[in-house]
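Enquirer: First the structure, which I've put down as structure tokens, then a few questions once you've had a look.
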Amino acid sequence: MPKMAKSPWLLHYDGSSCNGCDIEVLACLTPVYDIERFGIINTGNPKHADILLITGGINEQNKPVVEQIYSQMPKPKVVVAVGICACNGGIFKECYNILGGVDKVLPVDIYVPGCAARPEAIMDGVLKAVELLDKKQNEAMAKERRENHAG
Amino acid sequence: MWIRIVWTILFLILGPFAGGLLAGIDRKITARLQGRRGPSVWQPFYDLLKLFRKQAVIVNSIQDFLICGFFIFIVFTGALFFWGGDLLLVFFSLTLAGIFFMMSACSANSPFSAMGAQRELMQTMAYEPMVLLAAIGFYVCNGSFAVSDIAQAHLPAVLYLPGVFLGFLYILTIKFRKSPFDISTSHHAHQEMVKGITTELSGPILALVELAHWYENVFLLGVIALFFVASSWWTWILAVVMCIVCYFFEILIDNTFARVKWQEMLKTAWSVTLVAGAVNIMIVILIL
């Protein structure tokens, strides 16, 4: 069977980002970086996505949104936090409305720091996340096999 | 009889491979037209196999049933066409498949999915008259609706039906879900209504929809070929070349036009149908 890693579809969510990282994420789709050569598609639909890519910190208003998007994605799935704000809150960390990085609400797999994160760093992070997809799928299958064996 | 069975089996087995490869070539050429490297031509197959391995998130019990209906009727449409069956029955079963698809989108409790279904209905309304006119045009030329008879004509049908062919080429953009008429769903990054008609589909069920689209695309190119084939052997080569040319033309249109509102689509599609299709058929009736 071919790997999951050959066709990762990506969902980009803008938390409370300043849009700096978002522009860099979209730059990955342009001819200069062309992230589609790895088979990556920017879907915009959680039900089609394998990778949840979040920029910006989490606040009280987008917390339920992020949680819902994550719950709508079919397994296996990975979360990539892009930019220092998504990693730990960054420059907005002390703000009264910011809860912190994405890992306050979701299990983040890959952290891509930077302000703004460079497109090269984002692509590197996404490709690391892609490897995790296969690992997660194999683990889920092994677990299922064990359960069937026990049952 | 044996030839008919061979054609049908070839379609059932090789249809998805040809459709997937066409989709891969489409993505590669699109990338090149945009100055990108683009994914491998095998990318649609990787996507399909991945989707089959993903978790199936079931929205409701009826949706999966309706998608299976869509898949079965698309395969039936193509199989009947390559069997050499009645062209009218082929087109009616294509419409039935489309209705299954729209009903599956309506069954989900999502505004995006419902909006996609409504837009798909508009698309059906725009292309359906031309599809029926094409069948009537073939009948006027050959006195038969049977694909096997039409493929054995003395002269290629396109010589009598150039207008109908152009009209069919116009609505082919809608059927291939290409820009400017990809308003019910889109393979580009437009996200104003998420993914339209396929929003609520995921994993293996979405894979089934992809597979059905590949079968459908091969069938539609088959209709294009039907305009060119006749009893002599070289018309078959001409038909294959014209299928490739038409497919490339659709990719070019896809990359050079921005999508339009549904009103524009309906107006232009019906105008082309009336001017190119109906007038052409009237002239042929007067001449023959």
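Going by the structure tokens order, chains are called A, B, ..., each with residues numbered from 1, while ligands are numbered from 1 in the order shown.
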Find the residues of chain A that sit at most 12 Å from chain B; for each, write down the nearest two atoms and how far apart they are in Å, to one decimal. Count only C-alpha atoms. Sort by chain, then by number going up, and give it as a tab-separated table.

Expert:
residue	atom	partner	partner_atom	distance
A:Met1	CA	B:Leu49	CA	7.9
A:Pro2	CA	B:Tyr46	CA	6.8
A:Lys3	CA	B:Lys50	CA	7.4
A:Met4	CA	B:Lys50	CA	5.5
A:Ala5	CA	B:Lys50	CA	8.7
A:Lys6	CA	B:Tyr46	CA	6.2
A:Ser7	CA	B:Asp47	CA	5.2
A:Pro8	CA	B:Asp47	CA	8.2
A:Trp9	CA	B:Asp47	CA	9.0
A:Leu10	CA	B:Ala189	CA	11.2
A:Leu11	CA	B:Val194	CA	11.0
A:His12	CA	B:Gln191	CA	11.4
A:Leu26	CA	B:Ala189	CA	10.8
A:Cys28	CA	B:Arg36	CA	11.4
A:Leu29	CA	B:Arg36	CA	9.4
A:Thr30	CA	B:Arg36	CA	7.8
A:Pro31	CA	B:Arg36	CA	4.7
A:Val32	CA	B:Arg36	CA	7.5
A:Tyr33	CA	B:Arg36	CA	8.4
A:Asp34	CA	B:Arg36	CA	6.1
A:Ile35	CA	B:Gly38	CA	8.4
A:Glu36	CA	B:Gly38	CA	5.9
A:Arg37	CA	B:Pro39	CA	4.0
A:Phe38	CA	B:Pro39	CA	6.1
A:Gly39	CA	B:Pro39	CA	5.4
A:Ile40	CA	B:Pro39	CA	8.5
A:Ile41	CA	B:Ala189	CA	8.3
A:Asn42	CA	B:Ala189	CA	6.5
A:Thr43	CA	B:Ala189	CA	6.7
A:Gly44	CA	B:Val194	CA	6.0
A:Asn45	CA	B:Val194	CA	5.7
A:Pro46	CA	B:Thr199	CA	8.8
A:Lys47	CA	B:Ser202	CA	5.5
A:His48	CA	B:Ser202	CA	5.8
A:Ala49	CA	B:Ser202	CA	9.0
A:Asp50	CA	B:Lys54	CA	9.0
A:Ser71	CA	B:Val57	CA	10.7
A:Gln72	CA	B:Val57	CA	8.4
A:Met73	CA	B:Val57	CA	8.6
A:Pro74	CA	B:Gln55	CA	5.2
A:Lys75	CA	B:Gln55	CA	5.3
A:Pro76	CA	B:Lys54	CA	6.8
A:Lys77	CA	B:Lys54	CA	9.5
A:Leu133	CA	B:Lys54	CA	10.7
A:Asp134	CA	B:Lys50	CA	10.5
A:Lys136	CA	B:Lys54	CA	11.5
A:Gln137	CA	B:Lys54	CA	8.7
A:Asn138	CA	B:Arg53	CA	11.0
A:Ala140	CA	B:Gln55	CA	10.6
A:Met141	CA	B:Arg53	CA	10.5

Enquirer: Skipping near chain neighbours, those fewer than 2 positions away, what residues fall within 12 Å of Gly84 of chain B using only C-alpha atoms, listed as a PyMOL selection string?

Expert: chain B and resi 1-8+11+77-82+86-90+144-152+222-223+226

Enquirer: Kindly export the residues of the current selection with N, CA, C and O atoms, as a short mmCIF file (atom, residue, chain, number, x, y, z; two decimals), in the first residue's frame.

Expert:
data_model
loop_
_atom_site.label_atom_id
_atom_site.label_comp_id
_atom_site.auth_asym_id
_atom_site.auth_seq_id
_atom_site.Cartn_x
_atom_site.Cartn_y
_atom_site.Cartn_z
N MET B 1 -21.19 -9.24 -31.08
CA MET B 1 -21.57 -9.46 -29.68
C MET B 1 -20.34 -9.51 -28.78
O MET B 1 -20.29 -8.86 -27.74
N TRP B 2 -19.31 -10.30 -29.24
CA TRP B 2 -18.09 -10.40 -28.43
C TRP B 2 -17.39 -9.05 -28.30
O TRP B 2 -16.89 -8.71 -27.24
N ILE B 3 -17.42 -8.30 -29.42
CA ILE B 3 -16.76 -6.99 -29.38
C ILE B 3 -17.43 -6.08 -28.36
O ILE B 3 -16.78 -5.37 -27.60
N ARG B 4 -18.77 -6.16 -28.29
CA ARG B 4 -19.51 -5.35 -27.32
C ARG B 4 -19.09 -5.70 -25.89
O ARG B 4 -18.84 -4.83 -25.07
N ILE B 5 -18.99 -7.00 -25.62
CA ILE B 5 -18.62 -7.44 -24.26
C ILE B 5 -17.20 -6.98 -23.94
O ILE B 5 -16.95 -6.47 -22.85
N VAL B 6 -16.30 -7.09 -24.92
CA VAL B 6 -14.91 -6.68 -24.69
C VAL B 6 -14.85 -5.18 -24.38
O VAL B 6 -14.18 -4.76 -23.44
N TRP B 7 -15.58 -4.38 -25.18
CA TRP B 7 -15.60 -2.93 -24.94
C TRP B 7 -16.09 -2.60 -23.53
O TRP B 7 -15.50 -1.78 -22.83
N THR B 8 -17.18 -3.27 -23.12
CA THR B 8 -17.74 -3.00 -21.79
C THR B 8 -16.76 -3.37 -20.69
O THR B 8 -16.54 -2.60 -19.76
N PHE B 11 -13.94 -0.96 -20.50
CA PHE B 11 -14.34 0.28 -19.81
C PHE B 11 -14.36 0.07 -18.30
O PHE B 11 -13.83 0.89 -17.54
N THR B 77 -23.98 3.98 -16.75
CA THR B 77 -24.03 4.88 -17.91
C THR B 77 -22.90 4.58 -18.88
O THR B 77 -23.12 4.38 -20.08
N GLY B 78 -21.68 4.55 -18.32
CA GLY B 78 -20.50 4.31 -19.17
C GLY B 78 -20.53 2.93 -19.80
O GLY B 78 -20.23 2.76 -20.99
N ALA B 79 -20.91 1.93 -18.99
CA ALA B 79 -20.92 0.55 -19.50
C ALA B 79 -21.91 0.41 -20.64
O ALA B 79 -21.62 -0.20 -21.67
N LEU B 80 -23.10 1.04 -20.48
CA LEU B 80 -24.12 0.97 -21.52
C LEU B 80 -23.65 1.66 -22.79
O LEU B 80 -23.89 1.19 -23.91
N PHE B 81 -22.94 2.77 -22.61
CA PHE B 81 -22.42 3.52 -23.76
C PHE B 81 -21.41 2.67 -24.53
O PHE B 81 -21.49 2.52 -25.75
N PHE B 82 -20.45 2.08 -23.80
CA PHE B 82 -19.41 1.30 -24.48
C PHE B 82 -19.93 -0.05 -24.96
O PHE B 82 -19.32 -0.69 -25.80
N ASP B 86 -28.53 2.24 -26.25
CA ASP B 86 -29.34 3.38 -26.66
C ASP B 86 -28.80 4.66 -26.02
O ASP B 86 -28.68 4.75 -24.80
N LEU B 87 -28.52 5.66 -26.87
CA LEU B 87 -27.92 6.90 -26.38
C LEU B 87 -28.85 7.65 -25.43
O LEU B 87 -28.41 8.26 -24.46
N LEU B 88 -30.16 7.58 -25.69
CA LEU B 88 -31.12 8.27 -24.81
C LEU B 88 -31.09 7.67 -23.42
O LEU B 88 -31.04 8.38 -22.42
N LEU B 89 -31.09 6.33 -23.37
CA LEU B 89 -31.05 5.64 -22.08
C LEU B 89 -29.75 5.99 -21.34
O LEU B 89 -29.74 6.20 -20.12
N VAL B 90 -28.65 6.09 -22.10
CA VAL B 90 -27.35 6.44 -21.51
C VAL B 90 -27.45 7.80 -20.83
O VAL B 90 -27.07 7.97 -19.67
N SER B 144 -30.84 6.35 -35.93
CA SER B 144 -30.80 5.38 -34.83
C SER B 144 -30.19 6.03 -33.60
O SER B 144 -29.31 6.88 -33.71
N PHE B 145 -30.70 5.63 -32.43
CA PHE B 145 -30.12 6.12 -31.18
C PHE B 145 -29.03 5.18 -30.67
O PHE B 145 -28.37 5.47 -29.69
N ALA B 146 -28.86 4.01 -31.32
CA ALA B 146 -27.90 3.02 -30.81
C ALA B 146 -26.47 3.47 -31.10
O ALA B 146 -26.14 3.83 -32.23
N VAL B 147 -25.63 3.46 -30.05
CA VAL B 147 -24.24 3.89 -30.20
C VAL B 147 -23.51 3.01 -31.21
O VAL B 147 -22.70 3.49 -32.00
N SER B 148 -23.86 1.71 -31.22
CA SER B 148 -23.18 0.79 -32.14
C SER B 148 -23.47 1.15 -33.60
O SER B 148 -22.61 1.02 -34.46
N ASP B 149 -24.70 1.61 -33.89
CA ASP B 149 -25.04 2.04 -35.26
C ASP B 149 -24.35 3.35 -35.62
O ASP B 149 -23.85 3.51 -36.74
N ILE B 150 -24.34 4.29 -34.65
CA ILE B 150 -23.74 5.61 -34.92
C ILE B 150 -22.25 5.45 -35.22
O ILE B 150 -21.71 6.12 -36.10
N ALA B 151 -21.59 4.53 -34.50
CA ALA B 151 -20.15 4.33 -34.70
C ALA B 151 -19.84 3.66 -36.04
O ALA B 151 -18.69 3.60 -36.45
N GLN B 152 -20.89 3.13 -36.73
CA GLN B 152 -20.67 2.46 -38.01
C GLN B 152 -21.14 3.30 -39.20
O GLN B 152 -21.31 2.78 -40.29
N GLY B 222 -15.70 9.60 -24.39
CA GLY B 222 -16.28 8.63 -25.33
C GLY B 222 -17.32 9.30 -26.21
O GLY B 222 -17.38 9.04 -27.43
N VAL B 223 -18.15 10.17 -25.64
CA VAL B 223 -19.16 10.89 -26.43
C VAL B 223 -18.47 11.81 -27.44
O VAL B 223 -18.90 11.90 -28.60
N LEU B 226 -17.44 9.79 -30.24
CA LEU B 226 -18.56 9.35 -31.07
C LEU B 226 -18.85 10.33 -32.21
O LEU B 226 -19.36 9.95 -33.26
#

Enquirer: Any idea what's packed within 8 Å of Gly83 of chain A, counting only C-alpha atoms, ignoring anything in its chain fewer than 2 positions away? Could you give it as a PDB file with C-alpha atoms, in the first residue's frame?

Expert:
ATOM      1  CA  CYS A  21       2.472  33.836   9.202  1.00  0.00           C
ATOM      2  CA  THR A  55      -1.200  30.248  12.933  1.00  0.00           C
ATOM      3  CA  GLY A  56      -1.567  32.663  15.839  1.00  0.00           C
ATOM      4  CA  ALA A  81       1.567  25.095  15.034  1.00  0.00           C
ATOM      5  CA  CYS A  85       2.360  32.828  18.650  1.00  0.00           C
ATOM      6  CA  ALA A  86       0.890  29.407  17.815  1.00  0.00           C
ATOM      7  CA  CYS A  87       3.756  27.712  19.659  1.00  0.00           C
ATOM      8  CA  TYR A 111       6.072  23.274  16.300  1.00  0.00           C
ATOM      9  CA  VAL A 112       7.381  25.690  13.648  1.00  0.00           C
ATOM     10  CA  PRO A 113       8.762  28.770  15.451  1.00  0.00           C
ATOM     11  CA  GLY A 114       9.566  32.108  13.824  1.00  0.00           C
ATOM     12  CA  CYS A 115       8.106  35.586  13.534  1.00  0.00           C
ATOM     13  CA  ALA A 116       6.995  35.287  10.852  1.00  0.00           C
ATOM     14  CA  ALA A 117       7.871  31.627  10.139  1.00  0.00           C
TER      15      ALA A 117
END

Enquirer: Of the candidates A:Ile51, A:Ala142, A:Ile58, A:Ala27, which shows the shortest atom-to-atom distance to Asn97 of chain A, using only C-alpha atoms?

Expert: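 So, comparing all the options, the nearest one is A:Ile58.
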
Enquirer: Could you find all residues in chain A that DSSP calls strand (DSSP E) from the backbone, and write them as a PyMOL selection string?

Expert: chain A and resi 9-14+41-42+51-55+58-59+78-82+98-100+110-112

Enquirer: So that I can see what lies close to segment 125-138 of chain B, please list as number ranges by chain the residues with an atom at most 6 Å from it, counting only C-alpha atoms and leaving out residues fewer than 2 positions away in the same chain.

Expert: B: 122-123, 140-141, 171, 266, 269, 273, 281

Enquirer: Kindly indicate which residue among B:Ala23, B:Ile67, B:Leu155, B:Ile251 lies nearest to Trp234 of chain B, using only C-alpha atoms for the distances.

Expert: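 Residue with the minimum atom-to-atom distance to Trp234 of chain B: B:Leu155.
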
Enquirer: Enter the distance from atom CA of Ile58 of chain B to atom CA of Tyr215 of chain B, in Å, rounded to one decimal.

Expert: 24.2 Å

Enquirer: State, in Å with one decimal place, the distance from atom CA of Ser231 of chain B to atom CA of Ala157 of chain B.

Expert: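 Computing the Euclidean distance for atom CA of Ser231 of chain B and atom CA of Ala157 of chain B yields 11.2 Å.
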
Enquirer: How many Å lie between atom CA of His213 of chain B and atom CA of Phe176 of chain B, rounded to one decimal?

Expert: 8.4 Å

Enquirer: For Asn217 of chain B, which residue among B:Ile253, B:Ile74, B:Leu286, B:Leu33 is the nearest when counting only C-alpha atoms?

Expert: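 Checking each of B:Ile253, B:Ile74, B:Leu286, B:Leu33 against Asn217 of chain B, counting only C-alpha atoms, the winner is B:Ile74.
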
Enquirer: Under the rule that only C-alpha atoms are counted, which of B:Thr173, B:Gln118, B:Gln63, B:Ser179 is the nearest residue to Ala258 of chain B?

Expert: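 For Ala258 of chain B, the nearest of the candidates is B:Ser179.
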